[in-house]
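Q: Pasting work-v7.txt below, which is compact mmCIF, C-alpha atoms.
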# COMPACT_ATOMS: atom_id res chain seq x y z
CA MET M 1 69.90 127.26 83.42
CA SER M 2 69.37 123.97 85.25
CA PHE M 3 67.87 120.90 83.66
CA THR M 4 65.37 118.46 85.12
CA LEU M 5 66.99 115.04 84.77
CA PRO M 6 64.98 112.20 83.23
CA THR M 7 63.40 109.82 85.72
CA ASP M 8 62.51 106.12 85.49
CA ILE M 9 65.23 105.76 82.87
CA HIS M 10 65.45 101.97 83.11
CA ARG M 11 61.86 101.68 81.90
CA ARG M 12 62.23 104.14 79.04
CA PRO M 13 63.73 103.56 75.58
CA VAL M 14 66.90 105.01 74.12
CA ALA M 15 66.66 106.52 70.64
CA VAL M 16 69.53 106.32 68.17
CA ILE M 17 69.36 108.67 65.19
CA GLY M 18 71.16 107.13 62.24
CA ALA M 19 71.53 103.45 61.33
CA GLY M 20 75.06 103.49 59.91
CA THR M 21 78.18 101.65 61.04
CA LEU M 22 78.28 103.32 64.44
CA GLY M 23 74.57 103.92 64.88
CA ARG M 24 73.79 100.21 64.89
CA ARG M 25 76.66 99.52 67.29
CA ILE M 26 75.47 102.24 69.66
CA ALA M 27 72.00 100.71 69.53
CA LEU M 28 73.51 97.33 70.35
CA MET M 29 75.15 98.63 73.52
CA PHE M 30 71.95 100.26 74.78
CA ALA M 31 70.09 96.99 74.17
CA THR M 32 72.23 95.13 76.74
CA ARG M 33 70.07 96.01 79.77
CA GLY M 34 66.90 94.27 78.65
CA GLY M 35 65.23 97.43 77.43
CA GLN M 36 64.13 98.85 74.11
CA VAL M 37 66.21 100.82 71.64
CA ARG M 38 64.60 102.65 68.75
CA VAL M 39 66.67 103.36 65.65
CA TYR M 40 65.59 106.17 63.33
CA ASP M 41 66.85 106.41 59.76
CA PRO M 42 65.15 107.91 56.70
CA SER M 43 66.14 104.73 54.87
CA ALA M 44 63.89 101.86 55.91
CA GLU M 45 66.44 99.43 54.51
CA ALA M 46 69.24 100.86 56.67
CA GLY M 47 67.00 100.78 59.74
CA GLN M 48 66.07 97.17 59.13
CA ALA M 49 69.74 96.24 58.73
CA ALA M 50 70.50 97.93 62.05
CA ARG M 51 67.64 96.10 63.78
CA GLU M 52 68.88 92.77 62.43
CA TYR M 53 72.45 93.58 63.50
CA VAL M 54 71.30 94.15 67.09
CA ALA M 55 69.21 90.98 67.07
CA ARG M 56 72.21 88.91 65.91
CA HIS M 57 74.68 90.25 68.45
CA VAL M 58 72.74 91.36 71.53
CA ALA M 59 72.78 88.04 73.41
CA ALA M 60 76.56 87.64 73.18
CA THR M 61 77.18 91.31 73.90
CA ALA M 62 74.85 91.38 76.93
CA ALA M 63 76.61 88.29 78.28
CA GLY M 64 79.79 90.35 78.51
CA VAL M 65 78.11 93.14 80.51
CA GLU M 66 77.77 92.74 84.26
CA GLY M 67 74.08 92.26 84.95
CA GLY M 68 73.39 92.35 81.22
CA GLU M 69 70.20 91.03 79.66
CA PRO M 70 69.34 91.02 75.94
CA GLY M 71 66.91 93.75 74.97
CA THR M 72 65.26 94.61 71.68
CA ALA M 73 65.74 97.13 68.89
CA SER M 74 63.12 98.48 66.54
CA ALA M 75 63.55 100.67 63.48
CA THR M 76 61.41 103.47 62.11
CA VAL M 77 61.42 106.20 59.47
CA ASP M 78 59.24 108.36 61.75
CA LEU M 79 61.44 110.61 63.89
CA ALA M 80 58.69 111.55 66.34
CA ALA M 81 57.85 107.88 66.91
CA ALA M 82 61.51 107.09 67.59
CA LEU M 83 61.77 109.88 70.16
CA ALA M 84 58.50 109.33 72.04
CA GLY M 85 59.27 108.59 75.69
CA ALA M 86 63.04 108.26 75.19
CA TRP M 87 65.21 109.35 78.13
CA LEU M 88 68.34 109.55 75.96
CA VAL M 89 68.73 110.43 72.29
CA VAL M 90 72.05 109.74 70.52
CA GLU M 91 72.57 111.43 67.16
CA ALA M 92 74.79 109.47 64.74
CA VAL M 93 74.17 111.15 61.38
CA PRO M 94 76.94 111.98 58.85
CA GLU M 95 79.67 114.39 59.94
CA ARG M 96 78.29 117.52 58.29
CA LEU M 97 77.70 120.63 60.36
CA GLU M 98 74.53 121.96 58.72
CA LEU M 99 72.91 118.53 58.88
CA LYS M 100 73.66 118.31 62.59
CA LYS M 101 72.30 121.80 63.23
CA GLN M 102 69.07 120.87 61.48
CA MET M 103 68.83 117.55 63.29
CA PHE M 104 69.32 119.03 66.76
CA ALA M 105 66.66 121.65 66.09
CA GLU M 106 64.25 118.80 65.29
CA LEU M 107 65.33 116.72 68.27
CA ASP M 108 64.90 119.68 70.61
CA ALA M 109 61.39 120.30 69.28
CA LEU M 110 60.20 116.67 69.25
CA ALA M 111 61.92 114.89 72.16
CA ASP M 112 60.46 114.73 75.66
CA ALA M 113 61.30 117.80 77.74
CA ASP M 114 63.54 115.77 80.05
CA ALA M 115 65.34 113.81 77.33
CA ILE M 116 69.12 114.15 77.14
CA LEU M 117 70.32 114.97 73.61
CA ALA M 118 73.76 113.61 72.77
CA SER M 119 75.84 113.74 69.61
CA ASN M 120 78.17 110.98 68.48
CA SER M 121 80.02 113.54 66.34
CA SER M 122 83.64 112.50 66.01
CA SER M 123 85.01 115.99 65.47
CA TYR M 124 82.38 118.72 66.01
CA PRO M 125 81.76 120.01 69.54
CA THR M 126 78.06 120.43 70.23
CA SER M 127 78.62 124.15 70.89
CA GLN M 128 78.73 124.49 67.09
CA PHE M 129 75.22 123.24 66.43
CA THR M 130 73.06 124.32 69.34
CA ASP M 131 72.13 127.75 67.96
CA ARG M 132 68.64 126.43 67.07
CA VAL M 133 68.21 124.54 70.37
CA THR M 134 66.04 126.12 73.07
CA ARG M 135 67.44 124.00 75.94
CA PRO M 136 71.21 123.66 75.38
CA GLU M 137 71.67 122.57 78.99
CA ARG M 138 70.57 119.06 77.96
CA VAL M 139 72.93 118.79 74.96
CA LEU M 140 76.41 117.26 74.99
CA ASN M 141 78.87 115.19 73.00
CA MET M 142 78.80 111.44 73.58
CA HIS M 143 81.38 110.10 71.17
CA PHE M 144 81.71 106.33 70.72
CA TYR M 145 84.65 104.56 69.11
CA MET M 146 83.84 101.05 67.82
CA PRO M 147 81.78 99.21 70.43
CA PRO M 148 81.57 96.55 71.67
CA ARG M 149 85.24 95.88 70.87
CA GLN M 150 86.30 99.45 71.70
CA PRO M 151 83.85 100.53 74.41
CA ALA M 152 85.38 103.88 75.45
CA VAL M 153 83.14 106.97 75.18
CA ASP M 154 84.09 110.66 75.26
CA LEU M 155 81.68 112.96 77.12
CA MET M 156 82.06 116.69 76.53
CA SER M 157 79.93 119.65 77.55
CA SER M 158 78.41 121.95 74.95
CA GLY M 159 79.49 124.82 77.17
CA HIS M 160 75.96 125.01 78.54
CA THR M 161 75.43 121.39 79.60
CA ASP M 162 74.02 121.00 83.09
CA ARG M 163 76.66 119.37 85.30
CA ALA M 164 74.07 116.89 86.53
CA VAL M 165 73.66 115.52 82.98
CA LEU M 166 77.35 114.67 82.79
CA ASP M 167 77.32 113.12 86.26
CA LEU M 168 74.27 110.99 85.42
CA LEU M 169 75.89 109.63 82.26
CA LEU M 170 79.24 109.00 83.95
CA ALA M 171 77.37 106.85 86.45
CA GLU M 172 74.92 105.11 84.08
CA LEU M 173 76.89 104.34 80.92
CA PRO M 174 79.06 101.61 82.49
CA HIS M 175 75.86 99.63 83.14
CA TYR M 176 75.54 99.34 79.34
CA GLY M 177 79.06 98.07 78.86
CA VAL M 178 80.60 101.36 77.75
CA LEU M 179 83.26 103.29 79.65
CA PRO M 180 82.92 107.09 79.72
CA PHE M 181 85.78 109.60 79.96
CA GLU M 182 85.08 113.31 80.37
CA ALA M 183 86.89 115.91 78.26
CA ARG M 184 87.43 118.65 80.84
CA ARG M 185 87.59 121.40 78.20
CA GLU M 186 86.15 121.77 74.70
CA SER M 187 88.51 120.03 72.31
CA THR M 188 88.15 119.24 68.60
CA GLY M 189 88.69 115.50 68.43
CA PHE M 190 88.07 115.06 72.17
CA ILE M 191 90.71 112.94 73.94
CA PHE M 192 91.86 109.81 72.12
CA ASN M 193 90.82 111.04 68.67
CA ARG M 194 93.26 113.94 68.90
CA ILE M 195 96.06 111.42 69.36
CA TRP M 196 94.65 109.06 66.73
CA ALA M 197 94.31 111.92 64.19
CA ALA M 198 98.05 112.51 64.24
CA ILE M 199 98.81 108.80 63.75
CA LYS M 200 96.20 108.45 61.01
CA ARG M 201 97.32 111.58 59.13
CA GLU M 202 100.98 110.61 59.15
CA SER M 203 100.13 107.07 58.00
CA LEU M 204 98.17 108.54 55.08
CA SER M 205 101.05 110.90 54.28
CA VAL M 206 103.55 108.03 54.11
CA VAL M 207 101.36 106.30 51.51
CA ALA M 208 100.36 109.48 49.63
CA GLU M 209 104.06 110.34 49.19
CA GLY M 210 104.80 106.88 47.83
CA VAL M 211 107.05 105.94 50.74
CA SER M 212 105.10 102.81 51.62
CA THR M 213 101.83 100.93 51.13
CA PRO M 214 98.83 100.52 53.44
CA GLN M 215 99.64 96.85 53.87
CA ASP M 216 103.28 97.46 54.84
CA VAL M 217 102.39 100.27 57.25
CA ASP M 218 99.87 98.01 58.96
CA ALA M 219 102.31 95.09 59.07
CA MET M 220 104.99 97.22 60.74
CA TRP M 221 102.38 98.64 63.12
CA ARG M 222 101.40 95.14 64.23
CA ILE M 223 105.02 94.07 64.70
CA ASN M 224 106.09 97.17 66.61
CA THR M 225 102.99 97.64 68.79
CA GLY M 226 101.79 94.07 69.25
CA LEU M 227 98.30 95.18 68.24
CA SER M 228 96.18 93.11 65.90
CA ALA M 229 95.23 95.78 63.34
CA GLY M 230 96.97 98.79 61.87
CA PRO M 231 95.77 102.31 60.95
CA PHE M 232 94.55 101.42 57.45
CA ARG M 233 92.46 98.46 58.63
CA ALA M 234 91.03 100.75 61.29
CA MET M 235 90.14 103.44 58.74
CA ASP M 236 88.45 100.83 56.54
CA GLN M 237 86.37 99.78 59.54
CA VAL M 238 85.23 103.35 60.27
CA GLY M 239 84.51 104.14 56.61
CA LEU M 240 86.78 106.21 54.37
CA ASP M 241 84.00 108.69 53.64
CA VAL M 242 83.70 109.33 57.38
CA VAL M 243 87.47 109.62 57.74
CA LEU M 244 87.54 112.15 54.89
CA ASP M 245 84.73 114.22 56.43
CA ILE M 246 86.69 114.35 59.69
CA GLU M 247 89.93 115.31 57.95
CA ASN M 248 88.14 118.06 56.02
CA HIS M 249 86.86 119.44 59.31
CA TYR M 250 90.32 119.43 60.87
CA ALA M 251 91.71 121.16 57.78
CA ALA M 252 89.01 123.85 57.93
CA GLU M 253 90.20 124.66 61.44
CA ASN M 254 93.89 124.35 60.56
CA PRO M 255 94.64 125.15 56.88
CA ALA M 256 98.33 124.35 57.45
CA LEU M 257 97.61 120.61 57.58
CA PRO M 258 99.04 118.68 54.60
CA VAL M 259 96.67 118.06 51.68
CA GLY M 260 98.15 114.68 50.68
CA PRO M 261 96.15 112.60 53.19
CA ARG M 262 92.86 114.15 52.05
CA GLU M 263 93.71 113.73 48.38
CA LEU M 264 94.47 110.04 48.95
CA LEU M 265 91.21 109.51 50.81
CA ARG M 266 89.29 111.38 48.09
CA GLN M 267 90.60 108.96 45.42
CA TYR M 268 89.15 106.01 47.32
CA VAL M 269 85.86 107.73 48.18
CA ASP M 270 85.31 108.93 44.61
CA ALA M 271 85.86 105.35 43.41
CA GLY M 272 83.24 104.10 45.89
CA HIS M 273 85.85 102.21 47.91
CA LEU M 274 84.65 103.15 51.40
CA GLY M 275 86.08 100.23 53.38
CA VAL M 276 84.22 97.41 55.09
CA LYS M 277 80.76 98.81 54.38
CA SER M 278 81.30 98.85 50.61
CA GLY M 279 83.36 95.66 50.47
CA ARG M 280 86.58 97.41 49.49
CA GLY M 281 88.79 100.19 50.83
CA PHE M 282 92.53 100.10 51.40
CA TYR M 283 91.92 96.34 51.49
CA ASP M 284 89.61 94.37 49.19
CA ASP M 285 88.96 91.27 51.28
CA TYR M 286 85.65 92.36 52.85
CA ALA M 287 82.17 91.04 52.24
CA ARG M 288 79.98 94.00 51.33
CA GLN M 289 77.64 95.16 54.15
CA ASP M 290 74.12 95.57 52.75
Write the structure described by the file as structure tokens, please.

A:
Amino acid sequence: MSFTLPTDIHRRPVAVIGAGTLGRRIALMFATRGGQVRVYDPSAEAGQAAREYVARHVAATAAGVEGGEPGTASATVDLAAALAGAWLVVEAVPERLELKKQMFAELDALADADAILASNSSSYPTSQFTDRVTRPERVLNMHFYMPPRQPAVDLMSSGHTDRAVLDLLLAELPHYGVLPFEARRESTGFIFNRIWAAIKRESLSVVAEGVSTPQDVDAMWRINTGLSAGPFRAMDQVGLDVVLDIENHYAAENPALPVGPRELLRQYVDAGHLGVKSGRGFYDDYARQD
């Protein structure tokens, strides 16, 4: 079934569903063209923090985007209000399948008929949560890494996505300072995350087995790659609860994966040490993000 593409998109808002670490960063990128971004979160406090984050960073971020102009972000606990008139909706809720199924059923029912519905899921293909969606041709994965510093984006069809939706996003996303890459087949972990998962899992295994420490692994990584941060700093930035959810999903698909990495992550998560957002993870030199 074909899909009628949204029109007048530069005058319409973008809605971001979820005000967490990535949700606020996604909102920031869509606020670089002078328009309005609406952030929905059931927590008013989280939504306000996301709005303030965009306000603090949008001028500098827009300055780095060709033709960029600072826009605005608002926050709401009313999902219908967030979606009204939006040409693009980006879901960024926790990485739990049933939650995503429920959310996409609501988005499909409440969003404008021509709105594109995208998921920032880092491991689930959208084919797994469109069973309650009446128009799957407008649904796809749009997976962000850590913008604005890491502005790559994976685009992947749900298996039913209208080709014109993918082509529109491939053309439009660079105007917001993000660089899209299309996964040509359905793939758990998309493109770069499949490669990163192997690096991350082996790094966790080295520490779980007592061979090394997070700090030494990161130090060797920096020396040998010339990069500024290692795998454990990167996991702290994402959030160890998110990393654990992703690893649990991979393990559900492949039970042969080693359990040590997940057990190590679980120790930190159970202790409330989630990384940057809690003030402590593999490292303890972060200011807590409230």

Q: Write out as an MDAnalysis selection string the residues lying within 6 Å of stretch 206-217 of chain M, counting only C-alpha atoms and excluding same-chain residues fewer than 2 positions away.

A: chainID M and resid 203:204 219:220 232 260 264

Q: Could you tell me how far atom CA of M:Val58 sits from atom CA of M:Tyr283, in Å to one decimal place?

A: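 Going from atom CA of M:Tyr283 over to atom CA of M:Val58 covers 28.2 Å.
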
Q: Skipping near chain neighbours, those fewer than 3 positions away, what residues fall within 12 Å of M:Ile246 using all atoms listed in the file, listed as a count of residues only?

A: 31

Q: Can you pull out every residue within 6 Å of M:Thr161, counting all atoms listed in the file, but drop anything in the same chain fewer than 2 positions away, and send it as a compact mmCIF listing (two decimals) with C-alpha atoms, in the coordinates of the input?

A:
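The resulting around.txt:
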# COMPACT_ATOMS: atom_id res chain seq x y z
CA GLU M 137 71.67 122.57 78.99
CA ARG M 138 70.57 119.06 77.96
CA VAL M 139 72.93 118.79 74.96
CA SER M 157 79.93 119.65 77.55
CA SER M 158 78.41 121.95 74.95
CA GLY M 159 79.49 124.82 77.17

Q: For a test of reading the model, state the distance in Å between atom CA of M:Ala80 and atom CA of M:Ala152, rounded to one decimal.

A: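 Atom-to-atom, atom CA of M:Ala80 and atom CA of M:Ala152 are spaced 29.2 Å apart.
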
Q: Just how far from atom CA of M:Val133 is atom CA of M:Leu244, in Å to one decimal?

A: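 Atom CA of M:Leu244 sits 27.7 Å away from atom CA of M:Val133.
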
Q: How close does stretch 130-209 of chain M get to stretch 4-12 of chain M? List, as JSON lines, each residue of stretch 130-209 of chain M within 12 Å, its nearest atom pair and the distance in Å to one decimal, counting all atoms listed in the file.

A:
{"residue": "M:Arg135", "atom": "CA", "partner": "M:Thr4", "partner_atom": "CA", "distance": 10.9}
{"residue": "M:Glu137", "atom": "CA", "partner": "M:Thr4", "partner_atom": "CA", "distance": 9.7}
{"residue": "M:Arg138", "atom": "CA", "partner": "M:Leu5", "partner_atom": "CA", "distance": 8.7}
{"residue": "M:Thr161", "atom": "CA", "partner": "M:Leu5", "partner_atom": "CA", "distance": 11.8}
{"residue": "M:Asp162", "atom": "CA", "partner": "M:Thr4", "partner_atom": "CA", "distance": 9.2}
{"residue": "M:Arg163", "atom": "CA", "partner": "M:Leu5", "partner_atom": "CA", "distance": 10.6}
{"residue": "M:Ala164", "atom": "CA", "partner": "M:Leu5", "partner_atom": "CA", "distance": 7.5}
{"residue": "M:Val165", "atom": "CA", "partner": "M:Leu5", "partner_atom": "CA", "distance": 6.9}
{"residue": "M:Leu166", "atom": "CA", "partner": "M:Leu5", "partner_atom": "CA", "distance": 10.6}
{"residue": "M:Asp167", "atom": "CA", "partner": "M:Leu5", "partner_atom": "CA", "distance": 10.6}
{"residue": "M:Leu168", "atom": "CA", "partner": "M:Leu5", "partner_atom": "CA", "distance": 8.4}
{"residue": "M:Leu169", "atom": "CA", "partner": "M:Leu5", "partner_atom": "CA", "distance": 10.7}
{"residue": "M:Glu172", "atom": "CA", "partner": "M:Ile9", "partner_atom": "CA", "distance": 9.8}
{"residue": "M:Leu173", "atom": "CA", "partner": "M:His10", "partner_atom": "CA", "distance": 11.9}
{"residue": "M:His175", "atom": "CA", "partner": "M:His10", "partner_atom": "CA", "distance": 10.7}
{"residue": "M:Tyr176", "atom": "CA", "partner": "M:His10", "partner_atom": "CA", "distance": 11.1}

Q: For the point (72.4, 122.2, 62.8) in file coordinates, what residues are within 10 Å, counting only C-alpha atoms? Give the answer as a PyMOL selection string?

A: chain M and resi 96-106+126+128-133

Q: Can you report as lines of an AutoDock Vina configuration file the centre and edge lengths in Å, to one decimal, of an axis-aligned box around the listed atoms of stretch 27-41 of chain M padded with 6 Å on each side?

A:
center_x = 69.6
center_y = 100.3
center_z = 69.8
size_x = 23.0
size_y = 24.1
size_z = 32.0

Q: Using all atoms listed in the file, which residue out of M:Asp236, M:Glu202, M:Glu52, M:Glu186 lies closest to M:Asp284?

A: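 Using all atoms listed in the file, M:Asp284 sits closest to M:Asp236.
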
Q: Considering all atoms listed in the file, can you say which of M:Asp245, M:His273, M:Gly64, M:Ser205 comes closest to M:Asp285?

A: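 Checking each candidate against M:Asp285, we get M:His273 as the closest.
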
Q: Between stretch 71-135 of chain M and stretch 22-34 of chain M, at 10 Å or less, what are the per-residue closest atom pairs and their distances in Å? Count all atoms listed in the file, order by chain and rising residue number, and return it as JSON lines.

A:
{"residue": "M:Gly71", "atom": "CA", "partner": "M:Gly34", "partner_atom": "CA", "distance": 3.7}
{"residue": "M:Thr72", "atom": "CA", "partner": "M:Ala31", "partner_atom": "CA", "distance": 5.9}
{"residue": "M:Ala73", "atom": "CA", "partner": "M:Ala31", "partner_atom": "CA", "distance": 6.8}
{"residue": "M:Ser74", "atom": "CA", "partner": "M:Ala27", "partner_atom": "CA", "distance": 9.6}
{"residue": "M:Val90", "atom": "CA", "partner": "M:Ile26", "partner_atom": "CA", "distance": 8.3}
{"residue": "M:Glu91", "atom": "CA", "partner": "M:Gly23", "partner_atom": "CA", "distance": 8.1}
{"residue": "M:Ala92", "atom": "CA", "partner": "M:Gly23", "partner_atom": "CA", "distance": 5.6}
{"residue": "M:Val93", "atom": "CA", "partner": "M:Gly23", "partner_atom": "CA", "distance": 8.0}
{"residue": "M:Asn120", "atom": "CA", "partner": "M:Leu22", "partner_atom": "CA", "distance": 8.7}

Q: In terms of the shortest atom-to-atom distance over all atoms listed in the file, which of M:Gln237, M:Ser278, M:Asn248, M:Gln36 is closest to M:Glu69?

A: M:Gln36

Q: Determine, counting only C-alpha atoms, which protein, DNA and RNA residues have an atom within 7 Å of an atom of M:Ala115; residues of the same chain fewer than 6 positions away are not included. Present the result as a PDB file with C-alpha atoms, keeping the file's coordinate frame.

A:
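Saved result, result31.pdb, follows:
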ATOM      1  CA  PRO M   6      64.980 112.200  83.230  1.00  0.00           C
ATOM      2  CA  ALA M  86      63.040 108.260  75.190  1.00  0.00           C
ATOM      3  CA  TRP M  87      65.210 109.350  78.130  1.00  0.00           C
ATOM      4  CA  LEU M  88      68.340 109.550  75.960  1.00  0.00           C
ATOM      5  CA  VAL M  89      68.730 110.430  72.290  1.00  0.00           C
TER       6      VAL M  89
END

Q: Restricting the calculation to only C-alpha atoms, which member of M:Phe282, M:Leu107, M:Ser119, M:Val269 is positioned closest to M:Gly230?

A: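 Selected residue with least distance to M:Gly230: M:Phe282.
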